[in-house]
$ cat input.csv   # CSV, C-alpha atoms
chain,number,residue,atom,x,y,z
A,133,MET,CA,-8.4,2.2,25.8
A,134,ILE,CA,-8.6,5.0,23.1
A,135,GLY,CA,-9.2,7.7,25.7
A,136,GLU,CA,-6.1,6.6,27.7
A,137,ASN,CA,-3.8,6.5,24.7
A,138,LYS,CA,-5.2,9.4,22.7
A,139,GLY,CA,-1.8,11.3,23.1
A,140,ILE,CA,-0.1,8.7,20.9
A,141,ILE,CA,-2.8,9.0,18.2
A,142,TYR,CA,-2.7,12.8,18.2
A,143,LYS,CA,1.1,13.0,17.9
A,144,ILE,CA,1.3,10.5,15.1
A,145,ALA,CA,-1.6,12.1,13.2
A,146,ASN,CA,0.0,15.6,13.7
A,147,ALA,CA,3.3,14.4,12.3
A,148,TYR,CA,1.8,12.9,9.2
A,149,SER,CA,-0.7,15.6,8.3
A,150,ARG,CA,-0.4,18.4,5.8
A,151,SER,CA,-3.2,20.6,7.3
A,152,ALA,CA,-5.6,20.8,10.3
A,153,ALA,CA,-8.4,19.4,8.3
A,154,ASP,CA,-6.1,16.5,7.2
A,155,GLN,CA,-5.2,16.0,10.8
A,156,GLU,CA,-8.9,15.7,11.8
A,157,ASP,CA,-9.5,13.1,9.1
A,158,LEU,CA,-6.4,11.2,10.1
A,159,VAL,CA,-7.3,11.1,13.8
A,160,GLN,CA,-10.7,9.8,12.9
A,161,GLU,CA,-9.3,7.2,10.6
A,162,ILE,CA,-6.9,5.9,13.2
A,163,ILE,CA,-9.6,5.6,15.8
A,164,LEU,CA,-12.0,3.8,13.4
A,165,GLN,CA,-9.2,1.4,12.5
A,166,LEU,CA,-8.4,0.7,16.2
A,167,TRP,CA,-12.1,0.3,16.9
A,168,SER,CA,-12.6,-2.1,14.0
A,169,SER,CA,-9.4,-4.1,14.7
A,170,PHE,CA,-9.9,-4.5,18.4
A,171,SER,CA,-11.5,-7.9,18.0
A,172,LYS,CA,-8.2,-9.2,16.5
A,173,TYR,CA,-6.1,-7.7,19.3
A,174,ASN,CA,-3.5,-10.2,20.5
A,175,PRO,CA,-2.9,-9.7,24.3
A,176,ASP,CA,0.6,-11.2,23.9
A,177,TYR,CA,1.6,-7.7,22.6
A,178,LYS,CA,1.5,-4.6,24.8
A,179,ILE,CA,-1.5,-2.4,24.0
A,180,THR,CA,0.7,0.5,23.2
A,181,THR,CA,2.7,-1.6,20.6
A,182,TRP,CA,-0.6,-2.5,19.0
A,183,ILE,CA,-1.8,1.2,19.0
A,184,TYR,CA,1.6,2.4,17.6
A,185,ARG,CA,1.5,-0.1,14.8
A,186,ILE,CA,-2.0,0.7,13.7
A,187,ALA,CA,-1.6,4.5,14.1
A,188,LEU,CA,1.6,4.5,12.1
A,189,ASN,CA,0.4,2.2,9.3
A,190,VAL,CA,-2.8,4.2,8.8
A,191,SER,CA,-0.9,7.5,9.0
A,192,ILE,CA,1.8,6.4,6.5
A,193,SER,CA,-0.9,5.1,4.1
A,194,HIS,CA,-2.9,8.3,4.5
A,195,TYR,CA,0.2,10.4,3.8
A,196,ARG,CA,0.9,8.4,0.7
A,197,LYS,CA,-2.7,8.4,-0.3
A,198,ASP,CA,-3.0,4.6,-0.5
A,199,THR,CA,-6.4,3.4,-1.6
A,200,VAL,CA,-6.2,0.0,-0.1
A,201,ARG,CA,-6.5,1.5,3.4
A,202,LYS,CA,-10.0,2.8,2.6
A,203,LYS,CA,-11.5,-0.6,2.5
A,204,TYR,CA,-11.6,-0.4,6.3
A,205,THR,CA,-13.1,3.0,6.8
A,206,ALA,CA,-16.1,4.9,5.6
A,207,PRO,CA,-16.8,8.6,6.3
A,208,LEU,CA,-18.9,9.5,9.4
A,209,ASN,CA,-21.8,11.8,9.4
A,210,GLU,CA,-20.9,13.4,12.7
A,211,ASP,CA,-17.5,14.8,13.9
A,212,LEU,CA,-15.6,12.4,16.0
A,213,VAL,CA,-12.7,14.8,16.3
A,214,LYS,CA,-12.8,18.6,16.7
A,215,PHE,CA,-9.9,21.0,16.7
A,216,SER,CA,-9.7,24.3,18.6
A,217,ASP,CA,-7.0,27.0,18.8
A,218,THR,CA,-5.5,27.1,22.2
A,219,GLY,CA,-3.3,30.1,21.6
A,220,SER,CA,0.5,30.2,21.7
A,221,ASP,CA,3.1,30.4,24.5
A,222,ASP,CA,6.9,30.5,24.9
A,223,LYS,CA,7.4,26.8,24.3
A,224,ASP,CA,5.8,27.1,20.8
A,225,GLU,CA,8.9,28.0,18.9
A,226,ASP,CA,10.8,24.9,20.2
A,227,ILE,CA,7.8,22.7,19.4
A,228,ARG,CA,7.4,24.2,15.9
A,229,LEU,CA,11.1,23.6,15.1
A,230,LEU,CA,11.0,20.0,16.4
A,231,ARG,CA,7.8,19.3,14.5
A,232,GLN,CA,9.3,20.9,11.3
A,233,PHE,CA,12.3,18.7,11.6
A,234,ILE,CA,10.3,15.6,12.1
A,235,GLN,CA,8.1,16.4,9.1
A,236,GLU,CA,11.3,16.8,7.0
A,237,LEU,CA,12.2,13.1,7.7
A,238,ASP,CA,11.0,10.4,5.4
A,239,GLU,CA,8.0,8.4,6.5
A,240,MET,CA,10.0,5.5,8.1
A,241,ASN,CA,12.5,7.6,9.9
A,242,ARG,CA,9.7,9.9,11.1
A,243,ALA,CA,8.0,6.8,12.7
A,244,LEU,CA,11.2,5.8,14.4
A,245,MET,CA,11.8,9.4,15.7
A,246,ILE,CA,8.2,9.6,17.1
A,247,LEU,CA,8.7,6.3,18.9
A,248,TYR,CA,12.0,7.5,20.3
A,249,LEU,CA,10.6,10.9,21.4
A,250,ASP,CA,7.7,9.1,23.1
A,251,GLY,CA,10.3,7.4,25.3
A,252,ASN,CA,10.0,3.9,24.0
A,253,SER,CA,12.9,1.5,24.5
A,254,HIS,CA,15.0,0.4,21.5
A,255,GLN,CA,13.5,-3.1,21.8
A,256,GLU,CA,9.9,-1.7,21.7
A,257,ILE,CA,10.8,0.5,18.7
A,258,ALA,CA,12.3,-2.6,17.0
A,259,ASN,CA,9.0,-4.5,17.7
A,260,VAL,CA,6.8,-1.8,16.2
A,261,LEU,CA,8.9,-1.4,13.1
A,262,ASN,CA,10.3,-4.9,12.7
A,263,ILE,CA,14.0,-3.9,12.5
A,264,SER,CA,16.9,-4.9,14.6
A,265,VAL,CA,17.7,-3.3,18.0
A,266,SER,CA,21.1,-2.3,16.8
A,267,ASN,CA,19.6,-0.7,13.7
A,268,VAL,CA,17.3,1.3,15.9
A,269,GLY,CA,20.3,2.6,17.9
A,270,THR,CA,22.3,3.5,14.8
A,271,LYS,CA,19.4,5.4,13.2
A,272,ILE,CA,18.5,7.3,16.4
A,273,ASN,CA,22.1,8.5,16.7
A,274,ARG,CA,22.2,9.5,13.0
A,275,ILE,CA,19.0,11.5,13.3
A,276,LYS,CA,20.0,13.2,16.5
A,277,GLU,CA,23.2,14.2,14.8
A,278,ARG,CA,21.3,15.7,11.9
A,279,LEU,CA,19.0,17.5,14.4
A,280,ARG,CA,22.0,18.9,16.3
A,281,ASN,CA,23.5,20.2,13.0
A,282,LYS,CA,20.2,21.7,12.0
A,283,PHE,CA,19.8,23.6,15.3
A,284,LYS,CA,23.4,24.8,15.1
A,285,GLN,CA,22.7,26.2,11.6
A,286,ILE,CA,19.5,27.9,12.8
A,287,GLU,CA,21.5,29.4,15.7
A,288,ASN,CA,24.2,30.7,13.4
A,289,ASP,CA,21.7,32.2,11.0
B,283,MET,CA,17.0,27.1,21.4
B,284,ILE,CA,16.1,23.4,21.8
B,285,ASP,CA,18.5,21.4,23.9
B,286,ILE,CA,19.2,18.2,21.9
B,287,ASN,CA,19.5,16.2,25.2
B,288,ASN,CA,16.1,17.5,26.2
B,289,ILE,CA,14.1,16.9,23.1
B,290,GLN,CA,11.9,14.3,24.7
B,291,ASN,CA,10.6,17.1,27.1
B,292,THR,CA,9.9,19.4,24.2
B,293,TRP,CA,8.0,16.5,22.6
B,294,SER,CA,5.9,16.0,25.7
B,295,ASN,CA,5.0,19.7,25.8
B,296,HIS,CA,3.9,19.1,22.2
B,297,GLU,CA,1.6,16.3,23.4
B,298,GLU,CA,0.2,18.4,26.1
B,299,LYS,CA,-0.7,21.2,23.7
B,300,LEU,CA,-2.2,18.7,21.2
B,301,GLU,CA,-4.4,17.2,23.9
B,302,LYS,CA,-5.7,20.7,24.8
B,303,SER,CA,-6.6,21.5,21.2
B,304,ILE,CA,-8.3,18.2,20.2
B,305,GLN,CA,-11.7,17.2,21.5
B,306,LEU,CA,-12.6,13.6,21.0
B,307,ASN,CA,-16.3,12.6,21.0
B,308,LEU,CA,-16.0,8.9,21.9
B,309,GLU,CA,-19.8,8.7,22.2
B,310,ILE,CA,-20.0,8.7,18.4
B,311,LEU,CA,-17.8,5.6,18.2
B,312,ARG,CA,-20.4,3.6,20.1
B,313,LYS,CA,-23.0,4.5,17.5
B,314,ILE,CA,-20.9,3.4,14.5
B,315,ASN,CA,-21.8,0.3,12.7
B,316,ILE,CA,-18.3,-1.0,12.1
B,317,LYS,CA,-19.6,-3.8,9.8
B,318,SER,CA,-20.9,-1.4,7.3
B,319,ALA,CA,-17.7,0.7,7.4
B,320,ARG,CA,-15.6,-2.4,6.8
B,321,SER,CA,-17.6,-3.6,3.8
B,322,ARG,CA,-16.8,-0.5,1.7
B,323,MET,CA,-14.9,-1.6,-1.4
B,324,THR,CA,-12.3,0.5,-3.0
B,325,SER,CA,-11.6,0.7,-6.7
B,326,LEU,CA,-8.6,-1.6,-6.2
B,327,ILE,CA,-10.8,-4.4,-4.8
B,328,LEU,CA,-13.4,-3.7,-7.4
B,329,ILE,CA,-10.8,-4.0,-10.3
B,330,ASN,CA,-9.6,-7.3,-8.9
B,331,VAL,CA,-13.1,-8.7,-8.4
B,332,SER,CA,-14.2,-7.7,-11.9
B,333,THR,CA,-11.0,-9.1,-13.4
B,334,LEU,CA,-11.7,-12.4,-11.6
B,335,VAL,CA,-15.3,-12.6,-12.6
B,336,PHE,CA,-14.5,-11.7,-16.3
B,337,TYR,CA,-11.7,-14.2,-16.7
B,338,GLN,CA,-13.6,-16.9,-14.9
B,339,MET,CA,-16.4,-16.5,-17.4
B,340,VAL,CA,-13.9,-16.5,-20.2
B,341,MET,CA,-12.2,-19.6,-18.7
B,342,TRP,CA,-15.4,-21.6,-18.3
B,343,TYR,CA,-16.5,-20.7,-21.8
B,344,PHE,CA,-13.2,-22.0,-23.2
B,345,ILE,CA,-13.5,-25.1,-21.1
B,346,TYR,CA,-16.9,-25.7,-22.5
B,347,PHE,CA,-15.6,-25.0,-26.1
B,348,THR,CA,-12.6,-27.4,-25.5
B,349,ALA,CA,-14.8,-30.1,-24.1
B,350,THR,CA,-17.3,-30.0,-27.0
B,351,HIS,CA,-14.5,-30.0,-29.6
B,352,TRP,CA,-12.0,-32.3,-28.0
B,353,SER,CA,-12.0,-34.7,-30.9
B,354,GLU,CA,-10.4,-32.1,-33.2
B,355,ILE,CA,-6.8,-31.6,-32.1
B,356,GLN,CA,-6.5,-28.0,-33.3
B,357,PHE,CA,-9.5,-26.9,-31.2
B,358,LEU,CA,-8.3,-29.1,-28.2
B,359,ILE,CA,-4.8,-27.4,-28.2
B,360,SER,CA,-6.2,-23.8,-28.9
B,361,GLY,CA,-8.9,-24.1,-26.3
B,362,SER,CA,-6.6,-25.5,-23.7
B,363,LEU,CA,-4.1,-22.7,-24.3
B,364,LEU,CA,-6.8,-20.1,-23.8
B,365,VAL,CA,-8.1,-21.9,-20.7
B,366,THR,CA,-4.6,-21.8,-19.2
B,367,TRP,CA,-4.2,-18.2,-20.0
B,368,ALA,CA,-7.5,-17.2,-18.4
B,369,ALA,CA,-6.7,-19.4,-15.4
B,370,VAL,CA,-3.3,-17.8,-14.9
B,371,ILE,CA,-4.9,-14.3,-14.9
B,372,SER,CA,-7.7,-15.5,-12.5
B,373,TYR,CA,-5.0,-16.9,-10.2
B,374,GLY,CA,-3.3,-13.5,-10.2
B,375,ALA,CA,-6.5,-11.7,-9.2
B,376,ILE,CA,-7.2,-14.2,-6.4
B,377,LYS,CA,-3.6,-13.7,-5.1
B,378,GLN,CA,-4.1,-10.0,-5.2
B,379,LEU,CA,-7.4,-10.1,-3.3
B,380,LYS,CA,-5.8,-12.4,-0.7
B,381,LEU,CA,-3.0,-10.0,-0.2
B,382,ILE,CA,-5.5,-7.1,0.3
B,383,HIS,CA,-7.6,-9.2,2.7
B,384,GLU,CA,-4.6,-10.3,4.7
B,385,THR,CA,-3.3,-6.8,5.2
B,386,ASP,CA,-3.5,-6.4,9.0
B,387,TYR,CA,-2.8,-2.9,10.1
B,388,ALA,CA,-1.7,-4.2,13.5
B,389,GLY,CA,1.4,-5.8,11.8
B,390,PRO,CA,4.9,-4.3,12.0
B,391,VAL,CA,5.2,-1.1,10.1
B,392,THR,CA,7.8,-2.2,7.5
B,393,ILE,CA,5.9,-5.4,6.7
B,394,VAL,CA,2.5,-3.8,6.3
B,395,GLN,CA,3.8,-0.9,4.2
B,396,LYS,CA,5.7,-3.3,1.9
B,397,GLN,CA,2.5,-5.4,1.5
B,398,LEU,CA,0.5,-2.3,0.6
B,399,GLN,CA,3.1,-1.3,-2.1
B,400,LYS,CA,3.1,-4.9,-3.4
B,401,VAL,CA,-0.6,-4.6,-4.0
B,402,LYS,CA,-0.1,-1.5,-6.1
B,403,ILE,CA,2.8,-2.9,-8.1
B,404,ALA,CA,1.0,-6.1,-8.9
B,405,ILE,CA,-0.8,-4.5,-11.8
B,406,VAL,CA,2.5,-4.7,-13.7
B,407,HIS,CA,2.6,-8.5,-13.1
B,408,PHE,CA,-1.0,-8.8,-14.3
B,409,LEU,CA,-0.1,-7.0,-17.5
B,410,ARG,CA,2.9,-9.3,-18.1
B,411,MET,CA,0.7,-12.4,-17.7
B,412,ALA,CA,-2.0,-11.0,-20.0
B,413,LEU,CA,0.6,-10.2,-22.7
B,414,MET,CA,1.8,-13.8,-22.7
B,415,ILE,CA,-1.1,-14.6,-25.0
B,416,LEU,CA,0.6,-12.6,-27.8
B,417,PRO,CA,2.5,-15.5,-29.5
B,418,PHE,CA,-0.5,-17.7,-29.0
B,419,HIS,CA,-3.0,-15.2,-30.5
B,420,MET,CA,-3.5,-17.7,-33.4
B,421,ALA,CA,-5.2,-20.0,-30.8
B,422,PHE,CA,-7.6,-17.2,-30.1
B,423,LEU,CA,-8.3,-16.7,-33.8
B,424,ILE,CA,-8.8,-20.4,-34.4
B,425,VAL,CA,-11.4,-20.6,-31.5
B,426,ILE,CA,-13.2,-17.3,-32.4
B,427,SER,CA,-13.5,-18.2,-36.1
B,428,LYS,CA,-15.0,-21.5,-35.1
B,429,ILE,CA,-17.5,-19.9,-32.6
B,430,TRP,CA,-18.5,-16.9,-34.7
B,431,LEU,CA,-18.1,-18.0,-38.3
B,432,ASN,CA,-18.1,-21.8,-37.9
B,433,VAL,CA,-14.9,-21.8,-39.9
B,434,ASP,CA,-11.9,-24.1,-39.2
B,435,LEU,CA,-9.0,-21.7,-39.8
B,436,ILE,CA,-6.5,-24.6,-39.9
B,437,LYS,CA,-8.3,-25.9,-43.0
B,438,VAL,CA,-8.6,-22.5,-44.9
B,439,ALA,CA,-5.6,-20.5,-43.8
B,440,ASP,CA,-2.0,-20.8,-45.1
B,441,PRO,CA,-0.1,-22.9,-42.5
B,442,VAL,CA,3.1,-21.0,-43.3
B,443,TRP,CA,1.4,-17.7,-42.6
B,444,MET,CA,0.0,-19.1,-39.3
B,445,ILE,CA,3.4,-20.4,-38.1
B,446,ALA,CA,5.0,-17.1,-39.1
B,447,GLN,CA,2.5,-15.1,-37.1
B,448,THR,CA,3.4,-17.1,-34.0
B,449,LEU,CA,7.2,-17.0,-34.5
B,450,VAL,CA,7.2,-13.3,-35.3
B,451,LEU,CA,5.7,-12.5,-31.9
B,452,ILE,CA,7.9,-14.7,-29.7
B,453,ILE,CA,10.9,-12.4,-29.5
B,454,PRO,CA,8.8,-9.2,-28.9
B,455,THR,CA,6.9,-11.0,-26.2
B,456,ILE,CA,10.1,-12.1,-24.5
B,457,TRP,CA,11.4,-8.6,-24.7
B,458,ILE,CA,8.2,-7.1,-23.3
B,459,TYR,CA,8.1,-9.7,-20.5
B,460,ARG,CA,11.7,-8.8,-19.5
B,461,ASN,CA,11.3,-5.1,-19.7
B,462,LEU,CA,7.8,-4.7,-18.3
B,463,SER,CA,8.8,-4.5,-14.7
B,464,PRO,CA,8.1,-2.1,-11.8
B,465,LYS,CA,11.6,-0.7,-12.3
B,466,ASN,CA,10.7,0.5,-15.8
B,467,VAL,CA,7.4,2.2,-15.1
B,468,ASN,CA,8.7,5.6,-15.8
B,469,LYS,CA,9.4,4.7,-19.4
B,470,LYS,CA,6.8,6.1,-21.8
B,471,TRP,CA,5.7,2.8,-23.4
B,472,VAL,CA,5.3,1.1,-20.0
B,473,ASN,CA,3.3,4.0,-18.7
B,474,TRP,CA,1.2,3.8,-21.9
B,475,LEU,CA,0.5,0.1,-21.4
B,476,LEU,CA,-0.4,0.8,-17.8
B,477,GLN,CA,-2.9,3.5,-18.9
B,478,GLY,CA,-1.1,6.3,-17.2
B,479,ASN,CA,-0.8,4.5,-13.8
B,480,GLY,CA,3.0,4.4,-14.2
B,481,SER,CA,3.7,7.3,-11.8
B,482,GLN,CA,1.7,5.7,-9.0
B,483,ILE,CA,3.5,2.4,-9.5
B,484,ASN,CA,6.8,4.2,-9.7
B,485,GLU,CA,6.1,5.9,-6.3
B,486,ALA,CA,5.2,2.5,-4.8
B,487,GLN,CA,8.4,0.9,-6.1
B,488,LYS,CA,10.5,3.8,-4.8
B,489,PHE,CA,8.9,3.5,-1.4
B,490,MET,CA,9.4,-0.2,-1.4
B,491,ASP,CA,13.2,0.4,-2.1
B,492,GLU,CA,13.2,3.0,0.6
B,493,ILE,CA,11.7,0.6,3.2
B,494,GLU,CA,14.3,-2.1,2.2
B,495,ARG,CA,17.1,0.4,2.7
B,496,PHE,CA,15.6,1.4,6.0
B,497,GLU,CA,15.5,-2.3,7.1
B,498,LEU,CA,19.1,-2.7,6.2
B,499,GLY,CA,20.1,0.4,8.1
B,500,MET,CA,21.1,2.3,4.9
B,501,ALA,CA,18.5,5.0,5.2
$ encode --input "input.csv" --output "structure tokens"
Amino acid sequence: MIGENKGIIYKIANAYSRSAADQEDLVQEIILQLWSSFSKYNPDYKITTWIYRIALNVSISHYRKDTVRKKYTAPLNEDLVKFSDTGSDDKDEDIRLLRQFIQELDEMNRALMILYLDGNSHQEIANVLNISVSNVGTKINRIKERLRNKFKQIEND
Amino acid sequence: MIDINNIQNTWSNHEEKLEKSIQLNLEILRKINIKSARSRMTSLILINVSTLVFYQMVMWYFIYFTATHWSEIQFLISGSLLVTWAAVISYGAIKQLKLIHETDYAGPVTIVQKQLQKVKIAIVHFLRMALMILPFHMAFLIVISKIWLNVDLIKVADPVWMIAQTLVLIIPTIWIYRNLSPKNVNKKWVNWLLQGNGSQINEAQKFMDEIERFELGMA
């Protein structure tokens, strides 16, 4: 289950990390939380909804340095996650700009934007965040408008 | 330049790149003893458990005192007041522990995050409850002088002085109770009472407000 959905975990951890080391810690924490919460998984929900919720909750708490979260996890002696440099290519600049923009959003809007960029429906986003579907639509349009203005500004500069 | 209508493609390129750069050793997961990882207590849980244990001891001691002095009205009233005070604080600690225990990370993001902030903010409510003893500090003096000095304060102290001590503190206590709230944690005196934890509570309160604005579609 974790192997099949690792992309979700990586993207969320990447969006809420301040450094590569921080990102390694966060991926590890999310995986441990998923592992330890699996016994409570409710099959009425889609597995991705469950993964998004846990990954986002752990990441936001990690980002805000919440101490409550740590009751669930303890440090590991071995490395569950390892990072390596894969070099850069032409797509990197676009990715860098998009990532930068996402990291400039506050924690809740960042979560919403990640869910949108991952191609989730408005209903699915509403389920993960517990807000109304119309609220999801309004927020996405608002954020996209900000993004459009930001890119225009970069182009003009 | 990124095409705004194509940002989802840019995002999936990002995913591809991340997948290449991260190696996950899932074998390690199988070796982890999740039970031992789960039982780790944070300082927050420890604070609540110690508060609960301490105030339960205090409460039972005052229950014992009240039960053994019930025939004397001054000790019955003073002991009962202190029992109530310790019980209220114990209840607060139990509520807090329940909230921590019930935090389910698989819950909707806005709900879980608000719950986590509530746990942080609860210290202010604790303090408010603890300070409610101020106007009743005479009850504490009556009981302590009986236990330590075997002196009945009611018989030896000036009753006017005792009543004045209670009345003088009623207004400051009401004022403190009203002003000691998460919204005022950036005030110096509140921060002092919270032993310097004011900024952390302030952050929690701000985030709580931010989540509420987000839910209402204002942020």
$ residues_around --input "input.csv" --residues "stretch 259-274 of chain A" --least-positions-apart "5" --cutoff "8 Å" --atoms "only C-alpha atoms" --output "PyMOL selection string"
(chain A and resi 181-182+184-185+241+244-245+248+254) or (chain B and resi 390-393+497-499)
$ atom_distance --input "input.csv" --atom1 "atom CA of A:Leu237" --atom2 "atom CA of A:Ile140"
18.6 Å
$ residues_near_point --input "input.csv" --point "(-10.8, -27.5, -31.9)" --cutoff "10 Å" --atoms "all atoms listed in the file" --output "PyMOL selection string"
chain B and resi 347-362+421+424-425+428+434-436
$ write_last_selection --input "input.csv" --atoms "C-alpha atoms" --output "mmCIF file, keeping the file's coordinate frame"
data_model
loop_
_atom_site.group_PDB
_atom_site.id
_atom_site.type_symbol
_atom_site.label_atom_id
_atom_site.label_comp_id
_atom_site.auth_asym_id
_atom_site.auth_seq_id
_atom_site.Cartn_x
_atom_site.Cartn_y
_atom_site.Cartn_z
ATOM 1 C CA PHE B 347 -15.600 -25.000 -26.100
ATOM 2 C CA THR B 348 -12.600 -27.400 -25.500
ATOM 3 C CA ALA B 349 -14.800 -30.100 -24.100
ATOM 4 C CA THR B 350 -17.300 -30.000 -27.000
ATOM 5 C CA HIS B 351 -14.500 -30.000 -29.600
ATOM 6 C CA TRP B 352 -12.000 -32.300 -28.000
ATOM 7 C CA SER B 353 -12.000 -34.700 -30.900
ATOM 8 C CA GLU B 354 -10.400 -32.100 -33.200
ATOM 9 C CA ILE B 355 -6.800 -31.600 -32.100
ATOM 10 C CA GLN B 356 -6.500 -28.000 -33.300
ATOM 11 C CA PHE B 357 -9.500 -26.900 -31.200
ATOM 12 C CA LEU B 358 -8.300 -29.100 -28.200
ATOM 13 C CA ILE B 359 -4.800 -27.400 -28.200
ATOM 14 C CA SER B 360 -6.200 -23.800 -28.900
ATOM 15 C CA GLY B 361 -8.900 -24.100 -26.300
ATOM 16 C CA SER B 362 -6.600 -25.500 -23.700
ATOM 17 C CA ALA B 421 -5.200 -20.000 -30.800
ATOM 18 C CA ILE B 424 -8.800 -20.400 -34.400
ATOM 19 C CA VAL B 425 -11.400 -20.600 -31.500
ATOM 20 C CA LYS B 428 -15.000 -21.500 -35.100
ATOM 21 C CA ASP B 434 -11.900 -24.100 -39.200
ATOM 22 C CA LEU B 435 -9.000 -21.700 -39.800
ATOM 23 C CA ILE B 436 -6.500 -24.600 -39.900
#
$ atom_distance --input "input.csv" --atom1 "atom CA of B:Phe344" --atom2 "atom CA of B:Val365"
5.7 Å
$ atom_distance --input "input.csv" --atom1 "atom CA of B:Phe336" --atom2 "atom CA of B:Leu451"
25.5 Å
$ closest_residue --input "input.csv" --among "A:Asp157, A:Asp176, A:Glu277, A:Glu236" --to "chain B" --atoms "all atoms listed in the file"
A:Glu277
$ closest_residue --input "input.csv" --among "A:Asp250, A:Met240, A:Asn189, A:Tyr173" --to "B:Met490" --atoms "only C-alpha atoms"
A:Met240
$ residues_around --input "input.csv" --residues "A:Ser169" --least-positions-apart "2" --cutoff "10 Å" --atoms "only C-alpha atoms" --output "list in words"
Ile163, Leu164, Gln165, Leu166, Trp167, Ser171, Lys172, Tyr173, Trp182, Ile186 and Tyr204 of chain A; Ile316, Asp386, Tyr387 and Ala388 of chain B
$ residues_around --input "input.csv" --residues "stretch 291-296 of chain B" --least-positions-apart "6" --cutoff "9 Å" --atoms "all atoms listed in the file" --output "NGL selection string"
(:A and (143 or 223-224 or 226-228 or 230-231 or 246 or 249-250)) or (:B and (284-285))
$ closest_residue --input "input.csv" --among "A:Ala153, A:Ala145, A:Val190, A:Ile234" --to "chain B" --atoms "all atoms listed in the file"
A:Val190
$ residues_around --input "input.csv" --residues "A:Ile192" --least-positions-apart "3" --cutoff "8 Å" --atoms "all atoms listed in the file" --output "ChimeraX atom specification"
/A:148,188-189,195-196,239 /B:395
$ residues_around --input "input.csv" --residues "B:Gln482" --least-positions-apart "6" --cutoff "10 Å" --atoms "all atoms listed in the file" --output "list in words"
Asp198 of chain A; Gln399, Lys402, Ile403, Val467, Asn468, Asn473 and Lys488 of chain B
$ closest_residue --input "input.csv" --among "A:Ser168, A:Thr180, A:Gln235, A:Asn252" --to "chain B" --atoms "all atoms listed in the file"
A:Ser168
